[in-house]
Each structure stands twice: as C-alpha cells, then as structure tokens.
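Pasted below: query_7.cif, mmCIF, C-alpha atoms.
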data_protein
loop_
_atom_site.label_atom_id
_atom_site.label_comp_id
_atom_site.auth_asym_id
_atom_site.auth_seq_id
_atom_site.Cartn_x
_atom_site.Cartn_y
_atom_site.Cartn_z
CA MET A 1 81.58 81.20 89.38
CA ASP A 2 80.26 82.06 92.84
CA ARG A 3 80.53 85.79 93.36
CA THR A 4 81.70 86.02 96.93
CA ARG A 5 85.14 87.61 97.13
CA ALA A 6 85.97 91.27 96.61
CA VAL A 7 89.36 92.98 96.81
CA VAL A 8 89.52 96.73 97.37
CA VAL A 9 92.75 98.37 96.27
CA GLY A 10 93.16 101.48 98.42
CA GLY A 11 92.20 102.12 102.04
CA GLY A 12 90.97 105.71 101.83
CA ILE A 13 87.48 106.99 102.53
CA GLY A 14 85.99 105.56 99.33
CA GLY A 15 87.71 102.20 99.60
CA LEU A 16 86.72 101.69 103.23
CA THR A 17 83.12 102.70 102.53
CA ALA A 18 83.01 100.22 99.66
CA ALA A 19 84.34 97.50 101.94
CA VAL A 20 81.67 98.21 104.56
CA ALA A 21 78.89 98.35 101.96
CA LEU A 22 79.94 95.14 100.21
CA ARG A 23 80.30 93.24 103.49
CA ARG A 24 76.74 94.20 104.38
CA ARG A 25 75.74 92.49 101.13
CA GLY A 26 77.54 89.28 102.01
CA TRP A 27 80.81 89.76 100.19
CA ALA A 28 84.06 88.60 101.77
CA VAL A 29 86.16 91.75 101.41
CA THR A 30 89.90 92.37 101.67
CA VAL A 31 91.24 95.93 101.57
CA LEU A 32 94.82 96.36 100.39
CA GLU A 33 96.48 99.60 101.49
CA ARG A 34 100.06 100.35 100.46
CA ALA A 35 100.77 102.61 103.44
CA ASP A 36 101.98 100.98 106.63
CA ALA A 37 98.98 102.38 108.53
CA LEU A 38 95.60 103.89 107.74
CA THR A 39 96.89 107.42 108.14
CA PRO A 40 94.60 109.61 106.02
CA VAL A 41 96.06 112.05 103.52
CA GLY A 42 94.77 115.54 104.31
CA ALA A 43 93.53 117.17 107.48
CA ALA A 44 89.74 117.25 107.46
CA LEU A 45 86.77 117.12 105.15
CA SER A 46 83.15 118.13 105.04
CA VAL A 47 80.57 115.36 104.94
CA THR A 48 77.56 116.84 103.21
CA PRO A 49 73.99 115.52 103.49
CA ASN A 50 74.24 113.51 100.26
CA ALA A 51 77.13 111.46 101.66
CA GLN A 52 75.40 111.22 105.05
CA ARG A 53 72.45 109.55 103.33
CA ALA A 54 74.83 107.15 101.65
CA LEU A 55 76.35 106.35 105.05
CA ASP A 56 72.82 105.75 106.39
CA VAL A 57 72.66 102.75 104.03
CA VAL A 58 75.53 101.14 105.96
CA GLY A 59 74.31 102.29 109.37
CA LEU A 60 76.92 104.99 109.98
CA GLY A 61 75.16 108.23 109.06
CA ASP A 62 74.05 109.17 112.55
CA GLN A 63 77.57 108.72 113.94
CA VAL A 64 78.73 111.36 111.49
CA ARG A 65 75.80 113.71 112.13
CA ASP A 66 76.56 113.62 115.84
CA LEU A 67 79.90 115.29 115.05
CA SER A 68 78.34 118.39 113.54
CA ALA A 69 79.91 121.54 115.00
CA TRP A 70 78.54 124.35 112.83
CA GLN A 71 76.05 126.43 114.77
CA GLY A 72 74.84 129.91 113.88
CA ASP A 73 76.00 132.09 111.01
CA GLY A 74 78.60 131.55 108.33
CA GLY A 75 79.25 132.58 104.79
CA LEU A 76 81.54 134.13 102.21
CA ARG A 77 83.86 137.10 102.95
CA THR A 78 86.48 139.33 101.39
CA PRO A 79 90.06 139.44 102.75
CA GLY A 80 89.20 142.68 104.53
CA GLY A 81 86.39 140.95 106.39
CA ARG A 82 83.33 142.25 104.52
CA TRP A 83 80.57 139.67 104.22
CA LEU A 84 79.60 138.94 100.62
CA SER A 85 76.92 136.43 101.54
CA ARG A 86 75.67 134.96 104.77
CA THR A 87 73.72 131.90 105.70
CA ASN A 88 73.29 129.86 108.86
CA SER A 89 73.38 126.27 109.97
CA ARG A 90 69.62 126.06 110.46
CA ALA A 91 68.93 127.24 106.91
CA ALA A 92 71.41 124.71 105.53
CA THR A 93 69.92 121.86 107.56
CA GLU A 94 66.37 122.74 106.54
CA ARG A 95 67.31 123.16 102.87
CA PHE A 96 69.31 119.96 102.52
CA GLY A 97 67.69 117.72 105.11
CA GLY A 98 70.81 117.52 107.27
CA PRO A 99 73.80 119.46 108.57
CA VAL A 100 77.13 119.97 106.87
CA VAL A 101 79.58 118.11 109.12
CA LEU A 102 83.26 119.03 109.33
CA LEU A 103 85.42 116.31 110.81
CA HIS A 104 88.99 115.12 110.73
CA ARG A 105 89.65 112.47 108.10
CA ALA A 106 91.11 110.21 110.77
CA THR A 107 87.78 110.32 112.61
CA LEU A 108 85.86 109.15 109.55
CA VAL A 109 88.46 106.43 108.91
CA ASP A 110 87.96 105.22 112.49
CA ILE A 111 84.17 105.15 112.03
CA LEU A 112 84.49 103.10 108.85
CA THR A 113 87.11 100.65 110.13
CA SER A 114 85.05 100.04 113.27
CA ALA A 115 82.44 98.50 110.95
CA LEU A 116 84.97 96.03 109.52
CA PRO A 117 86.57 92.97 111.10
CA PRO A 118 90.22 93.50 112.15
CA ASP A 119 91.57 91.22 109.42
CA ALA A 120 89.68 92.94 106.58
CA VAL A 121 92.34 95.61 106.05
CA ARG A 122 95.90 94.66 105.11
CA THR A 123 98.27 97.61 105.42
CA GLY A 124 101.73 97.76 103.91
CA VAL A 125 100.49 95.80 100.89
CA ASP A 126 100.79 97.30 97.42
CA GLY A 127 98.06 95.73 95.32
CA ALA A 128 98.49 95.82 91.53
CA LEU A 129 95.83 94.73 89.06
CA ARG A 130 97.23 91.91 86.91
CA ASP A 131 94.06 90.87 85.08
CA PRO A 132 90.67 92.63 85.12
CA GLY A 133 88.95 89.31 84.59
CA GLY A 134 85.91 88.55 82.50
CA PRO A 135 82.65 86.57 82.40
CA ASP A 136 84.41 83.23 82.83
CA ARG A 137 87.53 84.15 84.76
CA ALA A 138 88.36 85.89 87.99
CA ALA A 139 90.19 89.18 88.24
CA VAL A 140 93.72 88.92 89.61
CA VAL A 141 95.43 91.35 91.98
CA GLY A 142 99.14 90.95 92.54
CA THR A 143 100.74 91.51 95.95
CA PRO A 144 104.27 90.96 97.30
CA ASP A 145 102.91 87.80 98.94
CA GLY A 146 101.39 86.41 95.75
CA ASP A 147 98.37 86.84 93.52
CA ILE A 148 94.80 87.08 94.78
CA GLU A 149 91.86 86.00 92.63
CA ALA A 150 88.71 88.03 93.12
CA ASP A 151 85.18 87.98 91.80
CA LEU A 152 85.16 91.78 92.08
CA VAL A 153 87.98 94.33 92.35
CA VAL A 154 87.38 97.90 93.46
CA GLY A 155 90.00 100.41 92.35
CA ALA A 156 90.02 103.07 95.06
CA ASP A 157 93.69 103.94 94.75
CA GLY A 158 93.48 107.67 94.25
CA VAL A 159 94.48 110.27 91.69
CA ARG A 160 97.47 108.31 90.42
CA SER A 161 95.49 105.09 90.23
CA GLY A 162 97.43 102.11 88.94
CA VAL A 163 94.17 100.20 88.53
CA ARG A 164 92.81 102.91 86.22
CA GLY A 165 95.99 102.75 84.16
CA VAL A 166 95.48 99.03 83.54
CA LEU A 167 91.81 99.42 82.61
CA PHE A 168 92.21 102.50 80.40
CA PRO A 169 95.87 102.73 79.32
CA GLY A 170 95.11 105.26 76.57
CA HIS A 171 93.31 107.73 78.81
CA PRO A 172 95.28 110.89 79.71
CA GLY A 173 94.24 110.68 83.36
CA PRO A 174 94.03 113.67 85.72
CA ARG A 175 95.99 116.80 84.87
CA HIS A 176 97.38 119.55 87.04
CA SER A 177 94.80 122.28 87.59
CA GLY A 178 97.35 125.06 88.07
CA LEU A 179 96.34 125.26 91.73
CA THR A 180 97.81 124.13 95.02
CA THR A 181 96.16 123.73 98.43
CA TRP A 182 97.26 124.04 102.05
CA ARG A 183 95.49 122.49 105.04
CA VAL A 184 96.01 122.82 108.78
CA VAL A 185 94.26 121.78 111.99
CA VAL A 186 95.03 123.98 115.00
CA PRO A 187 93.52 124.80 118.41
CA SER A 188 90.57 127.17 118.29
CA PRO A 189 91.56 130.83 118.79
CA ASP A 190 90.45 132.58 121.97
CA ARG A 191 88.45 135.15 120.04
CA PRO A 192 85.31 133.63 118.48
CA PHE A 193 84.67 133.72 114.74
CA ALA A 194 81.93 132.67 112.34
CA PRO A 195 82.75 129.82 109.94
CA HIS A 196 83.67 131.30 106.59
CA GLU A 197 85.26 130.94 103.22
CA THR A 198 87.07 134.05 102.00
CA TRP A 199 87.73 134.84 98.35
CA GLY A 200 90.50 137.24 97.45
CA ARG A 201 92.39 137.97 94.24
CA GLY A 202 93.55 134.61 92.97
CA ALA A 203 93.31 132.94 96.37
CA LEU A 204 90.84 131.61 98.91
CA TRP A 205 90.89 130.71 102.58
CA GLY A 206 88.41 128.80 104.75
CA SER A 207 88.16 128.48 108.54
CA GLN A 208 85.79 125.87 109.98
CA PRO A 209 85.28 124.58 113.55
CA LEU A 210 85.56 120.90 114.44
CA LYS A 211 83.54 119.13 117.11
CA ASP A 212 86.66 118.51 119.24
CA GLY A 213 87.28 122.25 119.67
CA ARG A 214 89.97 122.60 117.03
CA VAL A 215 89.77 124.54 113.77
CA TYR A 216 90.24 123.17 110.28
CA ALA A 217 91.59 125.74 107.82
CA TYR A 218 92.31 125.40 104.14
CA ALA A 219 93.71 127.66 101.44
CA MET A 220 94.09 127.49 97.67
CA ALA A 221 96.01 129.57 95.15
CA PRO A 222 97.65 129.24 91.72
CA ALA A 223 101.15 127.76 91.77
CA PRO A 224 103.34 125.73 89.40
CA GLU A 225 103.16 121.96 89.77
CA GLY A 226 105.75 120.68 92.22
CA ASP A 227 106.50 124.16 93.58
CA ARG A 228 107.39 124.34 97.26
CA ALA A 229 108.12 127.30 99.55
CA PRO A 230 111.87 127.64 100.21
CA GLU A 231 111.26 129.02 103.72
CA GLY A 232 108.54 126.54 104.63
CA GLU A 233 104.80 126.39 104.01
CA LYS A 234 103.87 128.30 107.17
CA ALA A 235 105.97 131.20 105.92
CA GLU A 236 104.25 130.92 102.57
CA LEU A 237 100.82 131.14 104.20
CA LEU A 238 101.91 134.20 106.14
CA ARG A 239 103.14 135.81 102.94
CA ARG A 240 99.92 135.13 101.08
CA PHE A 241 97.28 135.42 103.83
CA GLY A 242 98.92 137.06 106.86
CA ASP A 243 97.05 140.35 106.43
CA TRP A 244 93.59 138.82 105.90
CA HIS A 245 90.78 139.22 108.43
CA HIS A 246 90.45 137.46 111.79
CA PRO A 247 90.95 134.56 112.46
CA VAL A 248 93.28 133.92 109.51
CA PRO A 249 96.54 135.40 110.92
CA GLY A 250 96.00 133.71 114.29
CA ILE A 251 95.37 130.32 112.69
CA ILE A 252 98.57 130.59 110.69
CA ALA A 253 100.50 131.67 113.79
CA ALA A 254 99.21 128.62 115.69
CA ALA A 255 100.35 126.17 113.03
CA TYR A 256 103.63 124.27 113.09
CA ASP A 257 105.49 124.32 109.80
CA ASP A 258 105.47 120.54 109.53
CA GLY A 259 101.74 120.59 110.28
CA VAL A 260 100.93 122.56 107.13
CA LEU A 261 99.97 120.08 104.42
CA ARG A 262 100.44 121.17 100.83
CA TYR A 263 99.18 119.33 97.76
CA ASP A 264 98.97 120.17 94.10
CA VAL A 265 95.45 119.79 92.74
CA HIS A 266 94.79 117.46 89.81
CA HIS A 267 91.45 116.83 88.17
CA MET A 268 89.93 114.56 85.52
CA VAL A 269 89.26 117.06 82.76
CA VAL A 270 88.60 114.27 80.23
CA PRO A 271 86.02 111.84 81.69
CA LEU A 272 86.69 108.14 81.57
CA PRO A 273 84.63 106.17 79.03
CA ALA A 274 83.29 104.08 81.92
CA HIS A 275 83.85 103.51 85.61
CA HIS A 276 84.29 99.78 85.13
CA ALA A 277 85.85 97.14 82.89
CA GLY A 278 85.86 93.39 83.27
CA ARG A 279 85.29 92.59 86.93
CA VAL A 280 86.75 95.90 88.13
CA ALA A 281 85.05 99.10 89.26
CA LEU A 282 86.75 102.44 89.88
CA LEU A 283 85.58 104.94 92.46
CA GLY A 284 86.57 108.24 94.03
CA ASP A 285 89.61 110.09 92.73
CA ALA A 286 90.62 107.05 90.68
CA ALA A 287 87.48 107.57 88.61
CA HIS A 288 86.78 111.32 88.75
CA ALA A 289 89.34 113.47 90.55
CA MET A 290 87.96 116.98 90.99
CA LEU A 291 88.90 120.34 92.45
CA PRO A 292 87.98 120.79 96.14
CA THR A 293 85.95 123.94 95.43
CA LEU A 294 82.60 122.20 96.04
CA GLY A 295 83.92 119.99 98.84
CA GLN A 296 82.73 116.88 97.00
CA GLY A 297 85.80 114.72 96.43
CA GLY A 298 85.32 112.47 99.46
CA ASN A 299 81.54 112.77 99.38
CA GLN A 300 81.34 111.49 95.82
CA ALA A 301 83.59 108.57 96.75
CA VAL A 302 81.14 107.64 99.51
CA GLU A 303 78.24 107.89 97.05
CA ASP A 304 80.16 105.71 94.58
CA ALA A 305 80.77 103.01 97.16
CA VAL A 306 77.15 102.65 98.20
CA VAL A 307 75.83 102.77 94.63
CA LEU A 308 78.37 100.14 93.56
CA ALA A 309 77.34 97.77 96.36
CA HIS A 310 73.69 98.32 95.45
CA HIS A 311 74.16 97.39 91.81
CA VAL A 312 76.44 94.37 92.22
CA GLY A 313 73.93 92.91 94.67
CA HIS A 314 74.23 90.39 97.45
CA ALA A 315 77.04 87.88 97.07
CA GLY A 316 75.83 84.70 95.42
CA ASP A 317 72.27 85.94 94.76
CA GLY A 318 72.50 85.41 91.01
CA THR A 319 72.78 89.08 90.06
CA ASP A 320 74.65 89.42 86.76
CA LEU A 321 77.91 91.15 87.67
CA ALA A 322 78.50 92.61 84.22
CA ALA A 323 75.03 94.15 84.20
CA GLY A 324 75.51 95.45 87.73
CA LEU A 325 78.79 97.13 86.87
CA ALA A 326 77.26 98.66 83.74
CA ALA A 327 74.44 100.03 85.88
CA TYR A 328 77.01 101.48 88.28
CA THR A 329 78.70 103.37 85.44
CA GLU A 330 75.34 104.55 84.13
CA ALA A 331 74.41 105.89 87.56
CA ARG A 332 77.71 107.55 88.44
CA LEU A 333 79.48 108.72 85.29
CA PRO A 334 77.11 111.59 84.36
CA ARG A 335 76.85 112.95 87.92
CA THR A 336 80.55 112.85 88.71
CA SER A 337 81.62 114.17 85.30
CA ALA A 338 79.30 117.15 85.74
CA LEU A 339 80.72 117.83 89.20
CA VAL A 340 84.29 117.71 87.89
CA GLN A 341 83.40 120.44 85.39
CA ARG A 342 81.39 122.44 87.91
CA SER A 343 84.22 122.33 90.44
CA ALA A 344 86.58 123.57 87.74
CA ARG A 345 84.28 126.51 86.94
CA THR A 346 84.13 127.46 90.61
CA GLY A 347 87.90 127.21 90.74
CA ARG A 348 88.19 129.67 87.91
CA MET A 349 85.96 132.11 89.80
CA THR A 350 88.10 131.89 92.92
CA SER A 351 91.27 132.31 90.84
CA LEU A 352 90.29 135.64 89.28
CA ARG A 353 93.07 138.21 89.69
CA ASN A 354 91.96 141.15 87.56
CA PRO A 355 90.62 143.81 89.99
CA VAL A 356 87.67 144.64 87.73
CA ALA A 357 86.70 140.98 87.39
CA VAL A 358 87.06 140.41 91.14
CA ALA A 359 84.90 143.46 91.90
CA ALA A 360 82.22 142.28 89.46
CA ARG A 361 82.24 138.81 90.99
CA ASN A 362 81.90 140.16 94.51
CA THR A 363 79.12 142.57 93.53
CA LEU A 364 77.13 139.74 91.95
CA ILE A 365 77.53 137.48 94.99
CA ALA A 366 76.53 140.29 97.36
CA ALA A 367 73.47 141.16 95.27
CA VAL A 368 72.24 137.57 95.26
CA SER A 369 72.72 137.27 99.01
CA LEU A 370 70.34 140.18 99.62
CA LEU A 371 67.48 137.89 98.59
CA GLY A 372 67.81 135.92 101.83
CA PRO A 373 70.08 133.49 103.71
CA GLY A 374 68.71 130.46 101.87
CA VAL A 375 69.35 131.80 98.37
CA PRO A 376 73.10 131.07 98.24
CA LEU A 377 72.29 127.47 99.14
CA ARG A 378 70.08 126.86 96.12
CA GLY A 379 72.98 126.35 93.76
CA PHE A 380 74.17 123.44 95.91
CA ALA A 381 70.78 121.74 96.15
CA ASP A 382 71.25 119.28 93.30
CA VAL A 383 74.45 118.10 94.99
CA ALA A 384 73.35 117.89 98.62
CA GLU A 385 69.83 116.56 98.03
CA TRP A 386 71.02 113.38 96.28
CA ARG A 387 69.63 110.15 97.69
CA PRO A 388 70.98 106.59 97.43
CA PRO A 389 69.14 104.02 95.27
CA GLN A 390 67.51 102.27 98.24
CA ARG A 391 65.89 103.19 101.50
CA PRO A 392 68.44 104.40 104.05
CA TYR A 393 69.36 101.99 106.80
CA ALA A 394 67.98 104.36 109.43
CA ALA A 395 64.60 104.49 107.68
CA GLN A 396 64.48 100.69 107.55
CA LYS A 397 65.08 100.51 111.31
CA ARG A 398 62.38 103.05 112.08
CA SER A 399 59.86 101.25 109.89
CA GLY A 400 60.73 97.85 111.30
CA ALA A 401 61.77 96.52 107.87
#

Take the structure I supplied and represent it as structure tokens, if you would.
Amino acid sequence: MDRTRAVVVGGGIGGLTAAVALRRRGWAVTVLERADALTPVGAALSVTPNAQRALDVVGLGDQVRDLSAWQGDGGLRTPGGRWLSRTNSRAATERFGGPVVLLHRATLVDILTSALPPDAVRTGVDGALRDPGGPDRAAVVGTPDGDIEADLVVGADGVRSGVRGVLFPGHPGPRHSGLTTWRVVVPSPDRPFAPHETWGRGALWGSQPLKDGRVYAYAMAPAPEGDRAPEGEKAELLRRFGDWHHPVPGIIAAAYDDGVLRYDVHHMVVPLPAHHAGRVALLGDAAHAMLPTLGQGGNQAVEDAVVLAHHVGHAGDGTDLAAGLAAYTEARLPRTSALVQRSARTGRMTSLRNPVAVAARNTLIAAVSLLGPGVPLRGFADVAEWRPPQRPYAAQKRSGA
C-alpha cells in the first residue's frame, strides 16, 4: 500500500516532534491528544545539545538555542551552600557544542505546533490502538468518532501507554522508583544566585533561570507511591527544604500551593524487547521511561522522533517500512536502555541517607572538581555529544544543499 498516512497517539514533546519530522518527509500526519488542550504536564525542561541537534533536522534548533538563559557559573552544592563542584556556561558550550537551554514546556510545545498546520492536532480525542497492522494491512486506531487506518502509528502516549500495552501485553511496564518530584516556576528572587543542583541526605533541589526572567525549580525525594502532603505540597517543600541555602527558601515562599506540581517517578527497569511491532513505533516515556536525574526524558523523546522519521523515509519513496522500523529499534533501544539504567544509578546516589555514605559521596565529587571546571562535564559527554543520523537542517542551509 502507499505509505502516506501517519497517526501519532499523544501530543507531548515527543509526539509533536515526530509529527513535525514526519511531515517534513512527506507524511500526512494526525496527532491525537486526549487532553482538551495542549497543556504540557510539568513546568519546564532542559533541552541539551543532543536534542538541539535533533531539532536542527526539522529546522527548530536555533529557536531553542535563542532561549538559553544560563550565563556564568553553576554547579553542585550541599544544603548548607558549600560548592561541591563548579562549572560555567562557556565550558559546557565548548565541551558539548551548544548551550544547555532551560525553557518552559509550554514554550517548546508552541515552537513545535507552529511548525504544524492547525488541523494536524486533534485535542480531546482518546486514540486507542485496535490493530498494529502488518505487511499487507494498515494499522487501526480507534477514536470516539470512528476508526482511523494508518500506514504508520507512533505511540507517544507516555508512561502509562495504552499503545505499549497492546504491542507488548506481557511486559511489566514501568515501575515506581520509590521517588517523587516537585516542580515550580516562580518570579526570579531579588537577590541573584548561580544556577545549581543541591544534593542533601536523601533529597535534591535544583534552581535554574529561564529566559523570561522566572526561575524553574525542581526537587526529588523518596516517598511512597500515591503519597500526598496533607497540608499541601508547598508546606511539604518548606518542611523538607525550607532551611536549605539561598535561593531555596525564597523560591518556596514565592510559590502558590496549587502551583507546586508533584509526580511520582516511574521508570522502565525491564527494557522492551523492541521499540516497534507491526506498523507501530513507540517513543519517549512509552518506550523507555527514566528517572529525571540526567534530564534526558524529553531529550530522548526528541531524539527518538527524528531517528524514527529518518529510518521510515519519505512517504511513498519505496522504503521498506518493516526494515525501517527495525532499524529504528536497533538505533534507539541500546542507547535509551543504557540511559534508563544510568539515570537509576544517579538516583541512588542522590537518595543516599547514611551520613557516612553522603560524606564519602560529597568528598569524591569535590575531589574530582578540583581538576578543573570541565572535568564534571566529561561524564555527560556521551549523552550530549550525540548527533542525528543525517546532516542537521542548519548545516544543509549553510552549505546550500
């Protein structure tokens, strides 16, 4: 059959990036999002150079880079304010070939949707995979308005992916990590501060500036699944972090209780056997949910989307879809599985509670940092230096290709 129609189930960062990338390859794309509006879950995210290069492929990388706000020093601290390691924005940019950009999720959603026609995204539509399809039959996605046949379906429907459940019904799926996170976006405090992540005993906090003058802050700590603070999440943050160094208490004070977002963290401890089946590909949290400790959840979804579009080819060009989807799994499964495990190891380090273990951890980090501001960045190089499997769009423009 002619391979021209793709349906993306899920309108998050990964799903929208996939829609943009597939449209640039000639696919007619429909995004089905169950929410009534494209209101992103979460407050902000970091877009690291690896994802920026992926966005270059679809012509959006520079728009993201222009939103970079980190200037000067930053690093890792203790709750009392002592610096364990320090680096700076210039060292990060030189090491990775681009800045680390913090931006509100809604901003990235706006950038992605601006690259799609208005009718490409259908909100308030719960898409359910009825049939993954095969070599001689289309995949089928059910909606309240009827079934949609598709030559390709992209399952970008998050941690609790219904598409994944249809493809791999025997897989255990993501499990609770034992951790919960809080996120807030508040006005910048009057007193300046350096961007930081702070590791305490069994808890961490991060404060990062946004381009619009606000501050994005996040916290993580062990907590039972489904647990919620009886006096509100702002009160819970004050209890856990209220005596930490500046600007942590001021950020908490500036937050409204209903503006504190709390989510339990689930991750894919057991990798999927593949990221595709039939005519369906999975991406993002649906394929490889991971802890946020490396800041790679959204970035890996963006990578997935661009790699998927690369391997399935231009619509109607004769590329074998089954081979393209197999190549997608081959390219993505090892990288994302390794990052799931690596994020979990980092999570265990941040969750240490024994005072002796915490002291040993901090001493090791401080000793390594004495070797120079670029040394702490080396461990992130294999993540941030990733490049997409084709020349970036920006490079094509500069070369006249």

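For the file at hand, the PyMOL selection byres ((chain A and resi 362) around 10) resolves to Leu76, Arg77, Thr78, Trp83, Leu84, Ser85, Trp199, Gly200, Val356, Ala357, Val358, Ala359, Ala360, Arg361, Thr363, Leu364, Ile365, Ala366 and Ala367 of chain A.
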
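Of the residues listed (A:His314, A:Arg378, A:Arg342, A:Arg183), A:Arg183 shows the shortest atom-to-atom separation from Leu237 in chain A; distances use all atoms listed in the file.
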
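Between CA of Gly284 in chain A and CA of Ser161 in chain A lies a distance of 10.2 Å.
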
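Using all atoms listed in the file, the shortest contact distance between His246 in chain A and any of A:Thr198, A:Thr293, A:Ser89, A:Gln341 is found at A:Thr198.
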
Leaving out Pro222 in chain A and any residue of its chain fewer than 3 positions from it, which residues lie within 8 Å of it when counting all atoms listed in the file, given as a PyMOL selection string?
chain A and resi 178-180+202-203+351

Would you output that residue set with C-alpha atoms, as a PDB file, in the coordinates of the input?
ATOM      1  CA  GLY A 178      97.350 125.060  88.070  1.00  0.00           C
ATOM      2  CA  LEU A 179      96.340 125.260  91.730  1.00  0.00           C
ATOM      3  CA  THR A 180      97.810 124.130  95.020  1.00  0.00           C
ATOM      4  CA  GLY A 202      93.550 134.610  92.970  1.00  0.00           C
ATOM      5  CA  ALA A 203      93.310 132.940  96.370  1.00  0.00           C
ATOM      6  CA  SER A 351      91.270 132.310  90.840  1.00  0.00           C
TER       7      SER A 351
END

Selection dump of the PyMOL selection byres ((chain A and resi 98) around 12), as a PyMOL selection string = chain A and resi 47-53+56+61-62+64-66+68+70+89-97+99-101+381+384-386

Give me a file of those residues, with C-alpha atoms, as a compact mmCIF listing (two decimals), in the coordinates of the input.
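Saved as out-v2.txt:
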# COMPACT_ATOMS: atom_id res chain seq x y z
CA VAL A 47 80.57 115.36 104.94
CA THR A 48 77.56 116.84 103.21
CA PRO A 49 73.99 115.52 103.49
CA ASN A 50 74.24 113.51 100.26
CA ALA A 51 77.13 111.46 101.66
CA GLN A 52 75.40 111.22 105.05
CA ARG A 53 72.45 109.55 103.33
CA ASP A 56 72.82 105.75 106.39
CA GLY A 61 75.16 108.23 109.06
CA ASP A 62 74.05 109.17 112.55
CA VAL A 64 78.73 111.36 111.49
CA ARG A 65 75.80 113.71 112.13
CA ASP A 66 76.56 113.62 115.84
CA SER A 68 78.34 118.39 113.54
CA TRP A 70 78.54 124.35 112.83
CA SER A 89 73.38 126.27 109.97
CA ARG A 90 69.62 126.06 110.46
CA ALA A 91 68.93 127.24 106.91
CA ALA A 92 71.41 124.71 105.53
CA THR A 93 69.92 121.86 107.56
CA GLU A 94 66.37 122.74 106.54
CA ARG A 95 67.31 123.16 102.87
CA PHE A 96 69.31 119.96 102.52
CA GLY A 97 67.69 117.72 105.11
CA PRO A 99 73.80 119.46 108.57
CA VAL A 100 77.13 119.97 106.87
CA VAL A 101 79.58 118.11 109.12
CA ALA A 381 70.78 121.74 96.15
CA ALA A 384 73.35 117.89 98.62
CA GLU A 385 69.83 116.56 98.03
CA TRP A 386 71.02 113.38 96.28

If the PyMOL selection byres ((chain A and resi 211) around 6) is run on the structure shown, which residues does it catch, given as an mmCIF file with C-alpha atoms, in the frame of the given file?
data_model
loop_
_atom_site.group_PDB
_atom_site.id
_atom_site.type_symbol
_atom_site.label_atom_id
_atom_site.label_comp_id
_atom_site.auth_asym_id
_atom_site.auth_seq_id
_atom_site.Cartn_x
_atom_site.Cartn_y
_atom_site.Cartn_z
ATOM 1 C CA LEU A 67 79.900 115.290 115.050
ATOM 2 C CA ALA A 69 79.910 121.540 115.000
ATOM 3 C CA LEU A 210 85.560 120.900 114.440
ATOM 4 C CA ASP A 212 86.660 118.510 119.240
ATOM 5 C CA GLY A 213 87.280 122.250 119.670
#

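Distances to Pro187 in chain A were evaluated for A:Gly162, A:Pro144, A:Gly170, A:Pro247 using only C-alpha atoms, and the minimum falls at A:Pro247.
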
If we count all atoms listed in the file, what is near range 229-231 of chain A at a cut-off of 12 Å, once residues fewer than 2 positions away on the same chain are taken out, given as a short mmCIF file (atom, residue, chain, number, x, y, z; two decimals) with C-alpha atoms, keeping the file's coordinate frame?
data_model
loop_
_atom_site.label_atom_id
_atom_site.label_comp_id
_atom_site.auth_asym_id
_atom_site.auth_seq_id
_atom_site.Cartn_x
_atom_site.Cartn_y
_atom_site.Cartn_z
CA THR A 180 97.81 124.13 95.02
CA TRP A 182 97.26 124.04 102.05
CA ALA A 223 101.15 127.76 91.77
CA PRO A 224 103.34 125.73 89.40
CA GLY A 226 105.75 120.68 92.22
CA ASP A 227 106.50 124.16 93.58
CA GLU A 233 104.80 126.39 104.01
CA LYS A 234 103.87 128.30 107.17
CA ALA A 235 105.97 131.20 105.92
CA GLU A 236 104.25 130.92 102.57
CA LEU A 237 100.82 131.14 104.20
CA LEU A 238 101.91 134.20 106.14
CA ARG A 239 103.14 135.81 102.94
CA ARG A 240 99.92 135.13 101.08
CA ASP A 257 105.49 124.32 109.80
CA ASP A 258 105.47 120.54 109.53
CA VAL A 260 100.93 122.56 107.13
CA LEU A 261 99.97 120.08 104.42
CA ARG A 262 100.44 121.17 100.83
#

- request: Please tell me which residues are no farther than 10 Å from (87.0, 101.7, 85.0) in the file, counting only C-alpha atoms, and write them as a PyMOL selection string.
  value: chain A and resi 132+154-155+163-168+272-283+286-287+325+329
